[in-house]
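> This is protein_21.txt, which holds compact mmCIF, C-alpha atoms:
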```txt
# COMPACT_ATOMS: atom_id res chain seq x y z
CA MET A 1 -20.65 -105.15 -44.58
CA ASP A 2 -23.30 -106.25 -42.07
CA SER A 3 -26.63 -105.81 -43.85
CA SER A 4 -28.34 -105.03 -40.56
CA VAL A 5 -26.54 -101.67 -40.51
CA THR A 6 -28.36 -100.34 -43.57
CA ALA A 7 -31.55 -102.40 -43.24
CA PRO A 8 -33.36 -99.57 -41.37
CA LEU A 9 -32.50 -97.14 -44.16
CA TYR A 10 -33.69 -99.72 -46.69
CA ARG A 11 -37.04 -99.90 -44.86
CA ASP A 12 -37.32 -96.10 -44.85
CA ILE A 13 -36.63 -95.84 -48.59
CA THR A 14 -39.01 -98.63 -49.55
CA ASP A 15 -41.71 -97.13 -47.32
CA PHE A 16 -41.08 -93.81 -49.04
CA ALA A 17 -41.41 -95.53 -52.41
CA HIS A 18 -44.81 -96.93 -51.50
CA ASP A 19 -45.96 -93.45 -50.42
CA MET A 20 -45.15 -92.03 -53.86
CA PRO A 21 -47.78 -91.61 -56.58
CA SER A 22 -48.16 -94.58 -58.89
CA TRP A 23 -46.64 -92.69 -61.84
CA VAL A 24 -43.45 -92.08 -59.83
CA GLN A 25 -43.29 -95.77 -58.98
CA HIS A 26 -43.75 -96.72 -62.63
CA LEU A 27 -41.02 -94.31 -63.71
CA ALA A 28 -38.67 -95.84 -61.15
CA GLU A 29 -39.50 -99.33 -62.37
CA ILE A 30 -38.77 -98.33 -65.95
CA TRP A 31 -35.58 -96.45 -65.10
CA THR A 32 -34.11 -99.19 -62.92
CA GLU A 33 -34.41 -101.70 -65.78
CA LEU A 34 -33.84 -99.54 -68.86
CA GLY A 35 -31.78 -96.63 -67.55
CA LEU A 36 -28.53 -98.31 -68.51
CA LEU A 37 -29.61 -98.00 -72.13
CA VAL A 38 -29.02 -94.25 -71.80
CA PHE A 39 -25.37 -94.95 -71.14
CA GLY A 40 -25.35 -97.23 -74.18
CA VAL A 41 -26.65 -94.39 -76.32
CA LEU A 42 -23.96 -92.10 -74.90
CA PHE A 43 -21.30 -94.70 -75.76
CA ILE A 44 -22.49 -94.86 -79.36
CA THR A 45 -22.82 -91.10 -79.83
CA GLY A 46 -19.43 -90.59 -78.18
CA TRP A 47 -17.78 -93.05 -80.55
CA TRP A 48 -19.49 -91.51 -83.58
CA ARG A 49 -18.38 -88.04 -82.53
CA ALA A 50 -14.81 -89.23 -81.87
CA ARG A 51 -14.55 -90.58 -85.44
CA ARG A 52 -13.88 -86.97 -86.49
CA ALA A 53 -11.52 -86.26 -83.60
CA ASP A 54 -7.89 -87.19 -83.01
CA GLU A 55 -6.71 -90.68 -82.07
CA GLY A 56 -6.64 -89.86 -78.36
CA ALA A 57 -10.31 -88.94 -78.34
CA LEU A 58 -11.19 -92.02 -80.39
CA ALA A 59 -9.27 -94.25 -78.00
CA LEU A 60 -11.13 -92.86 -74.98
CA ALA A 61 -14.49 -93.22 -76.73
CA VAL A 62 -13.77 -96.89 -77.46
CA LEU A 63 -12.35 -97.54 -74.00
CA ALA A 64 -15.47 -96.21 -72.25
CA PRO A 65 -17.69 -99.26 -72.93
CA LEU A 66 -14.72 -101.61 -72.54
CA ALA A 67 -13.92 -100.18 -69.10
CA THR A 68 -17.58 -100.54 -68.16
CA ALA A 69 -17.54 -104.19 -69.19
CA PHE A 70 -14.46 -104.76 -67.00
CA ALA A 71 -16.29 -103.14 -64.09
CA TYR A 72 -19.28 -105.43 -64.58
CA VAL A 73 -17.05 -108.51 -64.53
CA GLY A 74 -15.30 -107.24 -61.40
CA SER A 75 -18.64 -106.65 -59.71
CA GLU A 76 -19.81 -110.15 -60.63
CA VAL A 77 -16.65 -111.68 -59.15
CA PHE A 78 -17.10 -109.65 -55.98
CA LYS A 79 -20.76 -110.67 -55.78
CA SER A 80 -19.94 -114.37 -56.09
CA LEU A 81 -17.53 -114.13 -53.15
CA VAL A 82 -19.91 -112.37 -50.75
CA ASN A 83 -23.22 -114.19 -51.36
CA GLU A 84 -25.44 -111.63 -49.64
CA GLU A 85 -29.17 -112.35 -49.82
CA ARG A 86 -31.47 -109.76 -51.38
CA PRO A 87 -33.18 -107.42 -48.90
CA CYS A 88 -36.57 -108.08 -50.51
CA ARG A 89 -36.27 -111.57 -48.98
CA ALA A 90 -34.09 -110.95 -45.95
CA VAL A 91 -35.41 -107.78 -44.28
CA ALA A 92 -38.32 -108.51 -41.99
CA GLY A 93 -41.12 -105.99 -41.92
CA ALA A 94 -40.00 -104.17 -45.07
CA ALA A 95 -42.49 -103.04 -47.69
CA ALA A 96 -42.82 -105.31 -50.71
CA SER A 97 -40.45 -104.55 -53.55
CA LEU A 98 -41.93 -102.67 -56.50
CA VAL A 99 -40.38 -105.14 -58.94
CA PRO A 100 -40.08 -108.93 -58.57
CA CYS A 101 -37.39 -109.97 -56.13
CA PRO A 102 -34.49 -111.59 -58.03
CA PRO A 103 -34.25 -115.37 -57.63
CA VAL A 104 -32.23 -117.08 -54.93
CA GLY A 105 -28.58 -117.16 -55.98
CA ASP A 106 -28.74 -113.77 -57.66
CA TRP A 107 -26.83 -112.13 -54.84
CA SER A 108 -27.23 -108.57 -53.64
CA PHE A 109 -23.74 -107.20 -52.85
CA PRO A 110 -22.54 -105.21 -54.72
CA SER A 111 -25.15 -103.90 -57.14
CA ASN A 112 -24.20 -104.72 -60.72
CA HIS A 113 -26.46 -101.97 -62.03
CA SER A 114 -24.68 -99.44 -59.83
CA ALA A 115 -21.24 -100.75 -60.78
CA ILE A 116 -22.09 -100.44 -64.48
CA ALA A 117 -23.56 -96.97 -63.99
CA GLY A 118 -20.58 -95.79 -61.93
CA ALA A 119 -18.12 -97.15 -64.47
CA ALA A 120 -19.99 -95.67 -67.42
CA ALA A 121 -20.30 -92.29 -65.72
CA VAL A 122 -16.55 -92.07 -65.01
CA ALA A 123 -15.41 -93.49 -68.35
CA LEU A 124 -17.67 -91.14 -70.31
CA ALA A 125 -16.60 -88.19 -68.18
CA ILE A 126 -12.94 -88.98 -68.87
CA ALA A 127 -13.66 -89.20 -72.59
CA ARG A 128 -15.79 -86.04 -72.59
CA PRO A 129 -15.39 -84.05 -69.33
CA ARG A 130 -18.36 -81.85 -70.17
CA LEU A 131 -20.61 -84.89 -69.88
CA ALA A 132 -19.88 -85.30 -66.17
CA TRP A 133 -22.80 -83.01 -65.28
CA LEU A 134 -25.07 -85.58 -66.98
CA THR A 135 -23.41 -88.95 -66.36
CA VAL A 136 -22.77 -88.55 -62.63
CA PRO A 137 -26.40 -87.65 -61.73
CA LEU A 138 -27.63 -90.46 -63.99
CA ALA A 139 -25.40 -92.96 -62.17
CA LEU A 140 -26.56 -91.73 -58.76
CA LEU A 141 -30.19 -91.94 -59.88
CA MET A 142 -29.65 -95.48 -61.15
CA ALA A 143 -28.11 -96.50 -57.82
CA PHE A 144 -30.92 -94.93 -55.81
CA SER A 145 -33.55 -96.58 -58.00
CA ARG A 146 -32.22 -100.02 -57.07
CA VAL A 147 -32.99 -99.34 -53.42
CA PHE A 148 -36.22 -97.48 -54.24
CA VAL A 149 -37.70 -100.49 -56.04
CA GLY A 150 -36.57 -102.75 -53.21
CA VAL A 151 -33.94 -105.06 -54.68
CA HIS A 152 -30.77 -103.71 -53.02
CA TYR A 153 -29.52 -102.41 -49.71
CA PRO A 154 -28.08 -98.87 -49.66
CA HIS A 155 -24.57 -100.26 -49.07
CA ASP A 156 -24.94 -102.50 -52.13
CA VAL A 157 -25.38 -99.53 -54.43
CA ALA A 158 -22.80 -97.31 -52.70
CA VAL A 159 -20.08 -99.96 -53.03
CA GLY A 160 -21.24 -100.78 -56.55
CA LEU A 161 -20.78 -97.16 -57.62
CA LEU A 162 -17.31 -97.00 -56.05
CA VAL A 163 -16.17 -100.34 -57.47
CA GLY A 164 -17.40 -99.47 -60.95
CA ALA A 165 -15.90 -96.00 -60.94
CA ALA A 166 -12.52 -97.21 -59.60
CA LEU A 167 -12.22 -100.12 -62.04
CA ALA A 168 -13.19 -97.93 -65.00
CA ALA A 169 -10.61 -95.30 -64.06
CA VAL A 170 -7.88 -97.95 -63.73
CA VAL A 171 -8.75 -99.61 -67.05
CA VAL A 172 -8.72 -96.29 -68.90
CA ALA A 173 -5.41 -95.28 -67.29
CA VAL A 174 -3.74 -98.59 -68.16
CA LEU A 175 -5.09 -98.97 -71.70
CA ARG A 176 -5.18 -95.34 -72.82
CA ARG A 177 -1.77 -95.30 -74.53
CA PRO A 178 -2.02 -98.69 -76.29
CA ALA A 179 -5.58 -97.85 -77.38
CA ARG A 180 -4.35 -94.61 -78.91
CA SER A 181 -1.60 -96.45 -80.79
CA LEU A 182 -4.14 -98.98 -82.02
CA ALA A 183 -6.47 -96.21 -83.18
CA ARG A 184 -3.60 -94.62 -85.12
CA THR A 185 -2.75 -97.98 -86.73
CA VAL A 186 -6.36 -98.68 -87.70
CA ARG A 187 -6.77 -95.23 -89.25
CA SER A 188 -3.62 -95.58 -91.29
CA SER A 189 -4.50 -99.03 -92.61
CA GLY A 190 -6.78 -97.71 -95.34
CA ALA A 191 -9.16 -100.67 -95.09
CA PRO A 192 -12.85 -99.81 -95.70
CA VAL A 193 -13.96 -101.43 -92.44
CA ALA A 194 -11.23 -99.57 -90.56
CA ALA A 195 -12.38 -96.31 -92.11
CA LEU A 196 -15.93 -97.01 -90.97
CA VAL A 197 -14.89 -97.84 -87.42
CA SER A 198 -12.23 -95.20 -86.88
CA GLY A 199 -13.57 -92.43 -89.12
CA PRO A 200 -11.64 -89.77 -91.01
CA GLY A 201 -10.04 -88.23 -87.94
CA ALA A 202 -9.64 -84.53 -87.17
CA GLY A 203 -9.20 -83.51 -90.80
CA PRO A 204 -6.19 -82.55 -92.92
CA ALA A 205 -4.50 -80.77 -90.05
CA ALA A 206 -4.14 -84.12 -88.27
CA GLY A 207 -2.56 -85.94 -91.21
CA PRO A 208 0.89 -85.77 -92.83
CA ALA A 209 -0.05 -82.75 -94.97
CA GLY A 210 -1.25 -80.89 -91.93
CA ARG A 211 1.95 -81.70 -90.06
CA SER A 212 3.99 -80.48 -93.04
CA ARG A 213 2.09 -77.19 -93.06
CA ARG A 214 2.72 -76.75 -89.36
CA ARG A 215 6.44 -77.41 -89.87
CA ARG A 216 6.59 -74.82 -92.68
CA LYS A 217 4.85 -72.28 -90.49
CA ARG A 218 7.40 -72.81 -87.72
CA HIS A 219 10.21 -72.25 -90.23
```
Would you give me this structure, written as structure tokens?


Amino acid sequence: MDSSVTAPLYRDITDFAHDMPSWVQHLAEIWTELGLLVFGVLFITGWWRARRADEGALALAVLAPLATAFAYVGSEVFKSLVNEERPCRAVAGAAASLVPCPPVGDWSFPSNHSAIAGAAAVALAIARPRLAWLTVPLALLMAFSRVFVGVHYPHDVAVGLLVGAALAAVVVAVLRRPARSLARTVRSSGAPVAALVSGPGAGPAAGPAGRSRRRRKRH
């Protein structure tokens, strides 16, 4: 995409950022660098919660960070092919970025932060649909913060979100069944490490005894 198309919007957003109170600017600076840690916490809590759920839930919880990693790699490949300069260096007359402009060679399109956030938001929402109300706004806020602090064009973050979300959805769709089979195998292995990683599952009702009880009830 021609960066000149969204350069005026970039100027408007960075001007808006400089008009904000200093505490808002500081919050944006913190969020744009550390906000992805929130998704990391959600990955960990999701996995811990899924240890007491069935194999399907465990598989989705484990696939969420894996799908996000795939999205990051895809974004990096895309970025290396486009080689778009950062707007904090390329846009004449724009306000100074709130954070240091990334070095030359750290290309702008698409935004890796946005790709990671978009992938994490979708993968977590697939694993736990009720989390969508939280993960989607967090991803949008992360994307906006990258423009707000002056290190990305608006089209960088928009495409980053779409690329991340699409790649995460594809990875989960492709790997969901084999991941579930792997989770079932790990749980049945009886190894201490496997028990720590996969947890006890959904309880007796999910095991052979539970299945036997269900069969007796049907008869």

> Which residue out of A:Leu34, A:Ala7, A:Ala179, A:Ala127 has the minimum interatomic distance to Asp156 (chain A) when all atoms listed in the file are used?

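So, comparing all the options, the nearest one is A:Ala7.
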
> Excluding same-chain residues fewer than 3 positions from region 75-81 of chain A, what lies within 10 Å of it counting all atoms listed in the file, as a VMD selection string?

chain A and resid 69 to 72 84 105 to 116 156 159 to 161 163 to 164 167

> Which residue out of A:Val82, A:Ala50, A:Ala132, A:Ala95 has the minimum interatomic distance to Ile13 (chain A) when all atoms listed in the file are used?

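Once distances to Ile13 (chain A) are computed over all atoms listed in the file, the minimum belongs to A:Ala95.
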
> Counting only C-alpha atoms, give me one row per residue of region 52-133 of chain A with an atom at most 6 Å from an atom of region 145-155 of chain A, showing the shortest contact pair and its distance in Å to one decimal, sorted by chain then residue number, as a Markdown table.


```
| residue | atom | partner | partner_atom | distance |
| --- | --- | --- | --- | --- |
| A:Cys88 | CA | A:Val151 | CA | 5.8 |
| A:Ser97 | CA | A:Gly150 | CA | 4.3 |
| A:Leu98 | CA | A:Val149 | CA | 4.8 |
```

> Write out as number ranges by chain the residues lying within 12 Å of Leu131 (chain A), counting all atoms listed in the file and excluding same-chain residues fewer than 2 positions away.

A: 39, 42-43, 45-46, 120-129, 133-138

> Around (-14.4, -94.6, -80.1) in the file's frame, which residues reach within 9 Å when counting all atoms listed in the file? Return as an NGL selection string?

:A and (43-44 or 46-51 or 55 or 57-64 or 183 or 197-198)

> If you keep C-alpha atoms, can you produce a file of those selected residues as an mmCIF file, keeping the file's coordinate frame?


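And here is the file that came out, out.cif:
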```cif
data_model
loop_
_atom_site.group_PDB
_atom_site.id
_atom_site.type_symbol
_atom_site.label_atom_id
_atom_site.label_comp_id
_atom_site.auth_asym_id
_atom_site.auth_seq_id
_atom_site.Cartn_x
_atom_site.Cartn_y
_atom_site.Cartn_z
ATOM 1 C CA PHE A 43 -21.300 -94.700 -75.760
ATOM 2 C CA ILE A 44 -22.490 -94.860 -79.360
ATOM 3 C CA GLY A 46 -19.430 -90.590 -78.180
ATOM 4 C CA TRP A 47 -17.780 -93.050 -80.550
ATOM 5 C CA TRP A 48 -19.490 -91.510 -83.580
ATOM 6 C CA ARG A 49 -18.380 -88.040 -82.530
ATOM 7 C CA ALA A 50 -14.810 -89.230 -81.870
ATOM 8 C CA ARG A 51 -14.550 -90.580 -85.440
ATOM 9 C CA GLU A 55 -6.710 -90.680 -82.070
ATOM 10 C CA ALA A 57 -10.310 -88.940 -78.340
ATOM 11 C CA LEU A 58 -11.190 -92.020 -80.390
ATOM 12 C CA ALA A 59 -9.270 -94.250 -78.000
ATOM 13 C CA LEU A 60 -11.130 -92.860 -74.980
ATOM 14 C CA ALA A 61 -14.490 -93.220 -76.730
ATOM 15 C CA VAL A 62 -13.770 -96.890 -77.460
ATOM 16 C CA LEU A 63 -12.350 -97.540 -74.000
ATOM 17 C CA ALA A 64 -15.470 -96.210 -72.250
ATOM 18 C CA ALA A 183 -6.470 -96.210 -83.180
ATOM 19 C CA VAL A 197 -14.890 -97.840 -87.420
ATOM 20 C CA SER A 198 -12.230 -95.200 -86.880
#
```

> Do you have the CA of Val157 (chain A)-CA of Arg130 (chain A) distance handy?

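For CA of Val157 (chain A) relative to CA of Arg130 (chain A), the distance reads 24.7 Å.
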
> Return the single residue from A:Ala165, A:Ala119, A:Ala96, A:Leu182 that is closest to His18 (chain A), with distances computed using all atoms listed in the file.

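Among the listed residues, the smallest separation from His18 (chain A) belongs to A:Ala96.
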